[in-house]
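Chemist: To start, I am sharing the structure in question, which I have written as structure tokens.
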Amino acid sequence: MAQQYTITLLPGDGIGPEIMAVARRVLEVVGQKFDLGFTFQEALVGGAAIDQKGEPLPAETLETCKNSDAVLLAAIGGPQYDTLPRHLRPETGLLALRAGLGLFANLRPAKILPQLLDASSLKREVVEGVDIMVVRELTGGIYFGQPRGVFETETGEKRGVNTMAYTVSEIDRIGRVAFETAQKRSKRLCSVDKANVLEVSQLWRDRITALAVEYPDVELTHMYVDNAAMQLLRWPKQFDTIVTGNLFGDILSDAAAMLTGSIGMLPSASLGSAAPGLYEPVHGSAPDIAGQDKANPLAQVLSAAMMLRYGLSQPTAADCIEQAVLQVLDRNFRTADIMSDNMTLLGCHAMGDAIVDAIRN
Ligand code: IPM
Ligand code: MG
């Protein structure tokens with residue numbers, strides 16, 4: 001009998017529904033091929049939830065997610081929500097979802113594909129062979145620290161406050177994920193912080209250093225975040241696995257993503273200590289091209305592959321999807337964001353067709 005999985009789909013906003021439709025189709029086809037049964041349940045998050053339910057993460061969405069084997073998210077946000085109070089913004093829904101599912105570890109691979117070398121804004125010799133995994137802490141740090149808010153000082157002046165805070169246990173659990181990730185890769189881990197200025201970073205550095213004793217096969221280095229931003233652009237091949245806090249990881253993972261030419265290519269996995277994990281593209285909702293069939297669905301499709309690999313332990317099916325993506329690129333099919341000379345321009349739906357074809361054959 002076929003292995004059965006319940007998958008929550010969160011299409012969200014902007015290009016989300018278009019790219020999610022492609023990923024769903026790809027999962028169905030791969031399911032047929034490998035005898036995997038998927039039951040999909042859709043739920044609302046972000047702007048879509050604000051429009052229909054008045055809040056960015058309705059309780060029933062979190063419940064639906066909890067009652068599934070894995071959650072596949074597309075993207076959230078749009079300019080029409082940017083003026084809403086913070087608790088009603090799409091981003092707040094995503095943060096609440098991560099916190100609600102306990103997803104403290106965010107894995108963001110940035111691997112350059114040979115087919116897309118020329119799509120990078122950096123020189124070929126700089127990016128050729130880049131293969132980085134950013135392990136970003138996802139439920140702590142300045143995004144969640146208290147106190148936060150805009151308060152009045154004694155003189156009546158407004159003062160905005162956020163707090164960057166990490167406990168030892170928060171650092172240790174992300175540190176362990178990072179060391180274990182590095183062990184499965186080329187065993188080099190760079191921990192990024194700002195320990196020359198921030199106490200929270202000094203504690204981070206001390207704990208990561210202490211943990212290293214348990215992973216003698218991993219070579220650990222430390223780097224300040226400003227230097228890390230520069231080194232990522234100067235010589236990215238020096239990095240294998242990077243571990244860092246929530247804010248630094250948010251920024252550095254976008255930079256690492258862009259090394260590969262398009263942020264439209266990169267998946268991510270957010271994991272907690274138990275299932276379900278959340279799988280989503282690194283890119284956003286691209287409201288400027290929403291509904292025009294121009295979006296690149298590959299990061300979404302690759303997120304589905306990550307879901308199969310990390311969430312459902314179906315590496316063969318994951319490999320099949322990843323191979324199909326490489327094949328469509330080898331056939332010179334491109335969406336607009338990765339288009340270059342002599343390539344065939346496809347829309348989002350047609351790119352989906354091409355992937356489905358590659359999986360079937
Ligand atoms: C990301 C995004 C989110 C974040 C936003 C949308 C809240 O930028 O996943 O990187 O900052 O974590
Ligand atoms: Mg980000």
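In the structure tokens, chains take the letters A, B, ... in the order shown, each chain's residues start at 1, and ligands count up from 1 in the order shown.
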12 Å from ligand 2 is the threshold here; counting only C-alpha atoms and all ligand atoms, which polymer residues fall inside it? Answer as number ranges by chain.
Modeler: A: 75-77, 91, 94-95, 106, 108, 136, 138, 143, 246-257, 263, 268, 280-285
Chemist: Limited to N, CA and C atoms, could you put the picked residues into a file as an mmCIF file, in the first residue's frame?
Modeler:
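Contents of part.cif, freshly written:
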```cif
data_model
loop_
_atom_site.group_PDB
_atom_site.id
_atom_site.type_symbol
_atom_site.label_atom_id
_atom_site.label_comp_id
_atom_site.auth_asym_id
_atom_site.auth_seq_id
_atom_site.Cartn_x
_atom_site.Cartn_y
_atom_site.Cartn_z
ATOM 1 N N ALA A 75 4.638 32.159 -0.281
ATOM 2 C CA ALA A 75 5.195 33.451 0.136
ATOM 3 C C ALA A 75 4.080 34.328 0.678
ATOM 4 N N ILE A 76 4.436 35.283 1.489
ATOM 5 C CA ILE A 76 3.423 36.179 2.052
ATOM 6 C C ILE A 76 3.840 37.633 1.873
ATOM 7 N N GLY A 77 2.851 38.521 1.939
ATOM 8 C CA GLY A 77 3.122 39.954 1.955
ATOM 9 C C GLY A 77 2.722 40.666 0.686
ATOM 10 N N GLU A 91 3.785 39.488 7.725
ATOM 11 C CA GLU A 91 5.047 38.993 8.296
ATOM 12 C C GLU A 91 4.841 38.472 9.715
ATOM 13 N N LEU A 94 3.695 34.970 9.582
ATOM 14 C CA LEU A 94 4.771 34.003 9.300
ATOM 15 C C LEU A 94 5.610 33.754 10.555
ATOM 16 N N LEU A 95 5.929 34.826 11.270
ATOM 17 C CA LEU A 95 6.719 34.666 12.498
ATOM 18 C C LEU A 95 5.948 33.846 13.521
ATOM 19 N N ASN A 106 16.531 27.058 10.597
ATOM 20 C CA ASN A 106 16.198 27.359 9.208
ATOM 21 C C ASN A 106 17.408 27.029 8.330
ATOM 22 N N ARG A 108 19.089 27.105 4.788
ATOM 23 C CA ARG A 108 18.977 27.810 3.506
ATOM 24 C C ARG A 108 20.199 27.504 2.633
ATOM 25 N N ARG A 136 20.181 29.297 9.926
ATOM 26 C CA ARG A 136 19.721 30.514 10.596
ATOM 27 C C ARG A 136 18.836 30.155 11.779
ATOM 28 N N LEU A 138 15.810 30.695 14.084
ATOM 29 C CA LEU A 138 14.571 31.248 13.506
ATOM 30 C C LEU A 138 13.499 31.669 14.518
ATOM 31 N N TYR A 143 14.149 39.251 16.627
ATOM 32 C CA TYR A 143 12.801 39.180 16.058
ATOM 33 C C TYR A 143 11.755 38.830 17.105
ATOM 34 N N ASN A 246 19.080 35.027 14.150
ATOM 35 C CA ASN A 246 17.920 35.292 13.302
ATOM 36 C C ASN A 246 18.123 36.479 12.355
ATOM 37 N N LEU A 247 18.521 37.614 12.904
ATOM 38 C CA LEU A 247 18.665 38.823 12.079
ATOM 39 C C LEU A 247 19.826 38.693 11.093
ATOM 40 N N PHE A 248 20.981 38.285 11.591
ATOM 41 C CA PHE A 248 22.140 38.157 10.693
ATOM 42 C C PHE A 248 21.851 37.106 9.612
ATOM 43 N N GLY A 249 21.160 36.055 10.011
ATOM 44 C CA GLY A 249 20.845 34.992 9.059
ATOM 45 C C GLY A 249 19.856 35.446 7.997
ATOM 46 N N ASP A 250 18.932 36.297 8.391
ATOM 47 C CA ASP A 250 17.981 36.849 7.423
ATOM 48 C C ASP A 250 18.741 37.591 6.324
ATOM 49 N N ILE A 251 19.679 38.413 6.747
ATOM 50 C CA ILE A 251 20.413 39.260 5.802
ATOM 51 C C ILE A 251 21.409 38.423 4.977
ATOM 52 N N LEU A 252 22.209 37.627 5.673
ATOM 53 C CA LEU A 252 23.252 36.878 4.959
ATOM 54 C C LEU A 252 22.662 35.823 4.026
ATOM 55 N N SER A 253 21.492 35.278 4.380
ATOM 56 C CA SER A 253 20.933 34.246 3.494
ATOM 57 C C SER A 253 20.415 34.869 2.193
ATOM 58 N N ASP A 254 19.958 36.108 2.242
ATOM 59 C CA ASP A 254 19.596 36.775 0.984
ATOM 60 C C ASP A 254 20.847 37.019 0.144
ATOM 61 N N ALA A 255 21.905 37.462 0.787
ATOM 62 C CA ALA A 255 23.155 37.718 0.048
ATOM 63 C C ALA A 255 23.680 36.419 -0.556
ATOM 64 N N ALA A 256 23.697 35.353 0.244
ATOM 65 C CA ALA A 256 24.185 34.061 -0.256
ATOM 66 C C ALA A 256 23.317 33.586 -1.409
ATOM 67 N N ALA A 257 22.014 33.797 -1.277
ATOM 68 C CA ALA A 257 21.082 33.368 -2.314
ATOM 69 C C ALA A 257 21.406 34.039 -3.641
ATOM 70 N N ILE A 263 17.405 34.694 -6.633
ATOM 71 C CA ILE A 263 16.805 34.231 -5.391
ATOM 72 C C ILE A 263 15.590 33.344 -5.720
ATOM 73 N N SER A 268 14.080 26.470 1.137
ATOM 74 C CA SER A 268 14.552 26.427 2.518
ATOM 75 C C SER A 268 13.701 25.462 3.324
ATOM 76 N N GLU A 280 9.777 26.330 2.425
ATOM 77 C CA GLU A 280 9.363 27.525 1.679
ATOM 78 C C GLU A 280 10.520 28.067 0.859
ATOM 79 N N PRO A 281 10.205 28.732 -0.255
ATOM 80 C CA PRO A 281 11.258 29.394 -1.009
ATOM 81 C C PRO A 281 11.854 30.535 -0.193
ATOM 82 N N VAL A 282 13.108 30.890 -0.483
ATOM 83 C CA VAL A 282 13.731 32.015 0.213
ATOM 84 C C VAL A 282 13.151 33.346 -0.287
ATOM 85 N N HIS A 283 12.689 33.353 -1.523
ATOM 86 C CA HIS A 283 12.195 34.615 -2.082
ATOM 87 C C HIS A 283 10.836 34.994 -1.502
ATOM 88 N N GLY A 284 10.415 36.214 -1.818
ATOM 89 C CA GLY A 284 9.152 36.727 -1.297
ATOM 90 C C GLY A 284 8.013 36.574 -2.286
ATOM 91 N N SER A 285 6.981 37.386 -2.105
ATOM 92 C CA SER A 285 5.728 37.200 -2.843
ATOM 93 C C SER A 285 5.698 37.949 -4.176
#
```
Chemist: Identify, on the basis of only C-alpha atoms, every residue whose closest approach to A:Arg86 does not exceed 12 Å; exclude the query and any residue fewer than 4 positions from it along the same chain; express the result as number ranges by chain.
Modeler: A: 55-56, 81-82, 90-93, 95, 148-150
Chemist: Write down as JSON, numbers by chain the residues belonging to stretch 50-236 of chain A that are assigned alpha helix (DSSP H) by DSSP computed on the backbone.
Modeler: {"A": [50, 51, 52, 53, 59, 60, 61, 62, 63, 64, 65, 66, 90, 91, 92, 93, 94, 95, 96, 97, 98, 99, 100, 124, 125, 126, 127, 168, 169, 170, 171, 172, 173, 174, 175, 176, 177, 178, 179, 180, 181, 182, 183, 184, 199, 200, 201, 202, 203, 204, 205, 206, 207, 208, 209, 210, 211, 225, 226, 227, 228, 229, 230, 231, 232, 233, 234]}
Chemist: Show me, as a PDB file with C-alpha atoms, in the first residue's frame, the residues that have an atom within 10 Å of stretch 335-342 of chain A when counting only C-alpha atoms, minus same-chain residues fewer than 3 positions from it.
Modeler:
```
ATOM      1  CA  LEU A 116      23.073  29.400 -14.265  1.00  0.00           C
ATOM      2  CA  ASP A 118      26.026  33.504 -16.147  1.00  0.00           C
ATOM      3  CA  ALA A 119      22.934  34.573 -14.253  1.00  0.00           C
ATOM      4  CA  SER A 120      25.071  35.617 -11.286  1.00  0.00           C
ATOM      5  CA  GLY A 261      22.063  34.410  -9.832  1.00  0.00           C
ATOM      6  CA  SER A 262      18.481  34.417  -8.727  1.00  0.00           C
ATOM      7  CA  ILE A 263      16.805  34.231  -5.391  1.00  0.00           C
ATOM      8  CA  GLY A 264      14.041  32.570  -7.426  1.00  0.00           C
ATOM      9  CA  MET A 265      15.977  29.293  -7.343  1.00  0.00           C
ATOM     10  CA  ASP A 293       2.386  33.859 -15.178  1.00  0.00           C
ATOM     11  CA  LYS A 294       5.939  35.232 -15.037  1.00  0.00           C
ATOM     12  CA  ALA A 295       7.107  33.827 -11.709  1.00  0.00           C
ATOM     13  CA  ASN A 296       9.891  31.282 -11.380  1.00  0.00           C
ATOM     14  CA  PRO A 297       8.369  28.224  -9.655  1.00  0.00           C
ATOM     15  CA  LEU A 298      11.699  26.417  -9.212  1.00  0.00           C
ATOM     16  CA  LEU A 329      17.636  23.975 -17.245  1.00  0.00           C
ATOM     17  CA  ASN A 332      17.597  25.724 -21.890  1.00  0.00           C
ATOM     18  CA  LEU A 345      11.631  31.909 -22.104  1.00  0.00           C
ATOM     19  CA  LEU A 346       8.826  30.114 -20.279  1.00  0.00           C
ATOM     20  CA  GLY A 347       6.074  31.324 -18.007  1.00  0.00           C
ATOM     21  CA  CYS A 348       5.391  29.826 -14.603  1.00  0.00           C
ATOM     22  CA  ALA A 350       4.856  26.146 -18.798  1.00  0.00           C
ATOM     23  CA  MET A 351       7.893  25.709 -16.565  1.00  0.00           C
TER      24      MET A 351
END
```
Chemist: Between A:Val161, A:Val328, A:Ala178, A:Ala74, which is the closest to A:Ala21 once you count only C-alpha atoms?
Modeler: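 Going through A:Val161, A:Val328, A:Ala178, A:Ala74 one by one, the smallest distance to A:Ala21 is for A:Ala74.
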Chemist: So which residues of stretch 17-91 of chain A fall under strand (DSSP E or B) by DSSP, listed as a ChimeraX atom specification?
Modeler: /A:36-42,70-75
Chemist: Could you turn the residues from that selection into a file that holds all heavy atoms, as a tab-separated table (two decimals), in the first residue's frame?
Modeler:
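Dumped to part_1.tsv:
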```tsv
chain	number	residue	atom	x	y	z
A	36	LEU	N	3.60	7.25	-3.61
A	36	LEU	CA	3.39	8.04	-2.39
A	36	LEU	C	2.02	8.71	-2.52
A	36	LEU	O	1.74	9.33	-3.55
A	36	LEU	CB	4.45	9.13	-2.24
A	36	LEU	CG	5.91	8.69	-2.34
A	36	LEU	CD1	6.84	9.90	-2.32
A	36	LEU	CD2	6.25	7.74	-1.20
A	37	GLY	N	1.20	8.59	-1.50
A	37	GLY	CA	-0.12	9.23	-1.55
A	37	GLY	C	-0.11	10.53	-0.76
A	37	GLY	O	0.25	10.55	0.41
A	38	PHE	N	-0.48	11.62	-1.42
A	38	PHE	CA	-0.54	12.90	-0.72
A	38	PHE	C	-1.97	13.36	-0.56
A	38	PHE	O	-2.74	13.39	-1.52
A	38	PHE	CB	0.22	13.98	-1.51
A	38	PHE	CG	1.70	13.71	-1.62
A	38	PHE	CD1	2.27	13.37	-2.85
A	38	PHE	CD2	2.52	13.78	-0.50
A	38	PHE	CE1	3.63	13.12	-2.95
A	38	PHE	CE2	3.88	13.52	-0.60
A	38	PHE	CZ	4.44	13.20	-1.83
A	39	THR	N	-2.34	13.71	0.67
A	39	THR	CA	-3.60	14.41	0.89
A	39	THR	C	-3.24	15.86	1.17
A	39	THR	O	-2.50	16.15	2.12
A	39	THR	CB	-4.33	13.82	2.12
A	39	THR	OG1	-4.46	12.42	1.91
A	39	THR	CG2	-5.69	14.46	2.30
A	40	PHE	N	-3.70	16.75	0.31
A	40	PHE	CA	-3.37	18.16	0.47
A	40	PHE	C	-4.49	18.89	1.19
A	40	PHE	O	-5.66	18.73	0.85
A	40	PHE	CB	-3.14	18.82	-0.89
A	40	PHE	CG	-1.96	18.25	-1.63
A	40	PHE	CD1	-2.13	17.48	-2.77
A	40	PHE	CD2	-0.67	18.48	-1.17
A	40	PHE	CE1	-1.04	16.96	-3.45
A	40	PHE	CE2	0.43	17.96	-1.85
A	40	PHE	CZ	0.24	17.20	-2.99
A	41	GLN	N	-4.13	19.68	2.20
A	41	GLN	CA	-5.12	20.56	2.82
A	41	GLN	C	-4.60	21.99	2.73
A	41	GLN	O	-3.49	22.28	3.15
A	41	GLN	CB	-5.40	20.13	4.26
A	41	GLN	CG	-4.19	19.66	5.06
A	41	GLN	CD	-4.58	19.04	6.40
A	41	GLN	OE1	-5.66	18.48	6.53
A	41	GLN	NE2	-3.71	19.16	7.38
A	42	GLU	N	-5.41	22.88	2.17
A	42	GLU	CA	-4.98	24.26	2.00
A	42	GLU	C	-5.44	25.10	3.17
A	42	GLU	O	-6.53	24.90	3.69
A	42	GLU	CB	-5.56	24.85	0.71
A	42	GLU	CG	-4.64	24.64	-0.46
A	42	GLU	CD	-4.91	25.57	-1.63
A	42	GLU	OE1	-5.42	26.70	-1.42
A	42	GLU	OE2	-4.59	25.16	-2.75
A	70	ALA	N	3.82	17.61	7.00
A	70	ALA	CA	4.74	18.67	6.59
A	70	ALA	C	3.91	19.84	6.07
A	70	ALA	O	2.76	19.66	5.66
A	70	ALA	CB	5.69	18.18	5.51
A	71	VAL	N	4.52	21.01	6.10
A	71	VAL	CA	3.83	22.21	5.64
A	71	VAL	C	4.66	22.83	4.51
A	71	VAL	O	5.87	23.04	4.66
A	71	VAL	CB	3.68	23.24	6.78
A	71	VAL	CG1	2.95	24.48	6.29
A	71	VAL	CG2	2.95	22.63	7.98
A	72	LEU	N	4.00	23.09	3.40
A	72	LEU	CA	4.66	23.73	2.27
A	72	LEU	C	4.06	25.13	2.12
A	72	LEU	O	2.85	25.29	1.93
A	72	LEU	CB	4.42	22.90	0.99
A	72	LEU	CG	5.21	23.30	-0.25
A	72	LEU	CD1	6.71	23.16	-0.04
A	72	LEU	CD2	4.77	22.44	-1.45
A	73	LEU	N	4.93	26.13	2.24
A	73	LEU	CA	4.49	27.53	2.18
A	73	LEU	C	5.05	28.16	0.91
A	73	LEU	O	6.16	27.83	0.49
A	73	LEU	CB	5.01	28.28	3.42
A	73	LEU	CG	4.92	29.80	3.44
A	73	LEU	CD1	3.48	30.27	3.55
A	73	LEU	CD2	5.73	30.37	4.60
A	74	ALA	N	4.28	29.07	0.31
A	74	ALA	CA	4.81	29.80	-0.85
A	74	ALA	C	5.41	31.12	-0.36
A	74	ALA	O	6.59	31.18	-0.03
A	74	ALA	CB	3.74	30.00	-1.90
A	75	ALA	N	4.64	32.16	-0.28
A	75	ALA	CA	5.19	33.45	0.14
A	75	ALA	C	4.08	34.33	0.68
A	75	ALA	O	2.91	34.12	0.33
A	75	ALA	CB	5.87	34.14	-1.04
```
Chemist: Using only C-alpha atoms, which residue out of A:Ile289, A:Leu198, A:Val126, A:Leu27 lies closest to A:Ala318?
Modeler: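 Result for the nearest residue to A:Ala318: A:Leu27.
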Chemist: One decimal, Å: what's the distance from atom CA of A:Arg185 over to atom CA of A:Pro216, could you say?
Modeler: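 Spanning atom CA of A:Arg185 to atom CA of A:Pro216 is a straight-line distance of 14.5 Å.
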Chemist: Neighbouring residues of A:Asp172 were defined as those with any atom within 12 Å, considering only C-alpha atoms; residues of the same chain fewer than 3 positions away were excluded. Please report them as a PDB file with C-alpha atoms, in the first residue's frame.
Modeler:
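Once written, out_4.pdb looks like this:
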```pdb
ATOM      1  CA  PHE A 104      14.018  27.068  15.461  1.00  0.00           C
ATOM      2  CA  ALA A 105      16.342  25.900  12.686  1.00  0.00           C
ATOM      3  CA  GLU A 137      18.241  30.546  14.098  1.00  0.00           C
ATOM      4  CA  TYR A 166      19.622  34.376  23.278  1.00  0.00           C
ATOM      5  CA  THR A 167      19.611  31.874  26.086  1.00  0.00           C
ATOM      6  CA  VAL A 168      22.226  29.158  26.327  1.00  0.00           C
ATOM      7  CA  SER A 169      19.693  26.481  25.430  1.00  0.00           C
ATOM      8  CA  GLY A 175      24.512  25.018  17.322  1.00  0.00           C
ATOM      9  CA  ARG A 176      23.931  21.267  17.363  1.00  0.00           C
ATOM     10  CA  VAL A 177      21.859  21.408  14.183  1.00  0.00           C
ATOM     11  CA  ALA A 178      24.655  23.390  12.554  1.00  0.00           C
ATOM     12  CA  PHE A 179      27.440  21.022  13.628  1.00  0.00           C
ATOM     13  CA  LEU A 203      27.609  34.337  24.739  1.00  0.00           C
ATOM     14  CA  TRP A 204      26.806  32.897  21.298  1.00  0.00           C
ATOM     15  CA  ARG A 205      30.511  32.594  20.479  1.00  0.00           C
ATOM     16  CA  ASP A 206      31.364  31.049  23.851  1.00  0.00           C
ATOM     17  CA  ARG A 207      28.631  28.400  23.547  1.00  0.00           C
ATOM     18  CA  ILE A 208      29.419  27.501  19.936  1.00  0.00           C
ATOM     19  CA  THR A 209      33.088  27.179  20.916  1.00  0.00           C
ATOM     20  CA  ALA A 210      32.159  24.930  23.839  1.00  0.00           C
ATOM     21  CA  LEU A 211      29.965  22.731  21.642  1.00  0.00           C
ATOM     22  CA  ALA A 212      32.816  22.222  19.172  1.00  0.00           C
ATOM     23  CA  GLU A 214      31.644  17.344  20.886  1.00  0.00           C
ATOM     24  CA  VAL A 243      25.483  29.271  11.538  1.00  0.00           C
ATOM     25  CA  THR A 244      24.116  32.547  12.801  1.00  0.00           C
ATOM     26  CA  GLY A 245      21.268  34.250  14.656  1.00  0.00           C
TER      27      GLY A 245
END
```
Chemist: When distances are computed from only C-alpha atoms and all ligand atoms, which of A:Thr139, A:Gln4, A:Thr260, A:Gln292 shows the smallest separation from ligand 1?
Modeler: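 Comparing A:Thr139, A:Gln4, A:Thr260, A:Gln292 against ligand 1, the winner is A:Thr139.
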Chemist: What is the atom CA of A:Leu326 to atom CA of A:Ser121 distance in Å?
Modeler: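 Rounded to one decimal, the two atoms are 20.5 Å apart.
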Chemist: Could you check which of A:Val135, A:Val127, A:Leu122, A:Met20 is closest to ligand 1, using only C-alpha atoms and all ligand atoms?
Modeler: A:Val135
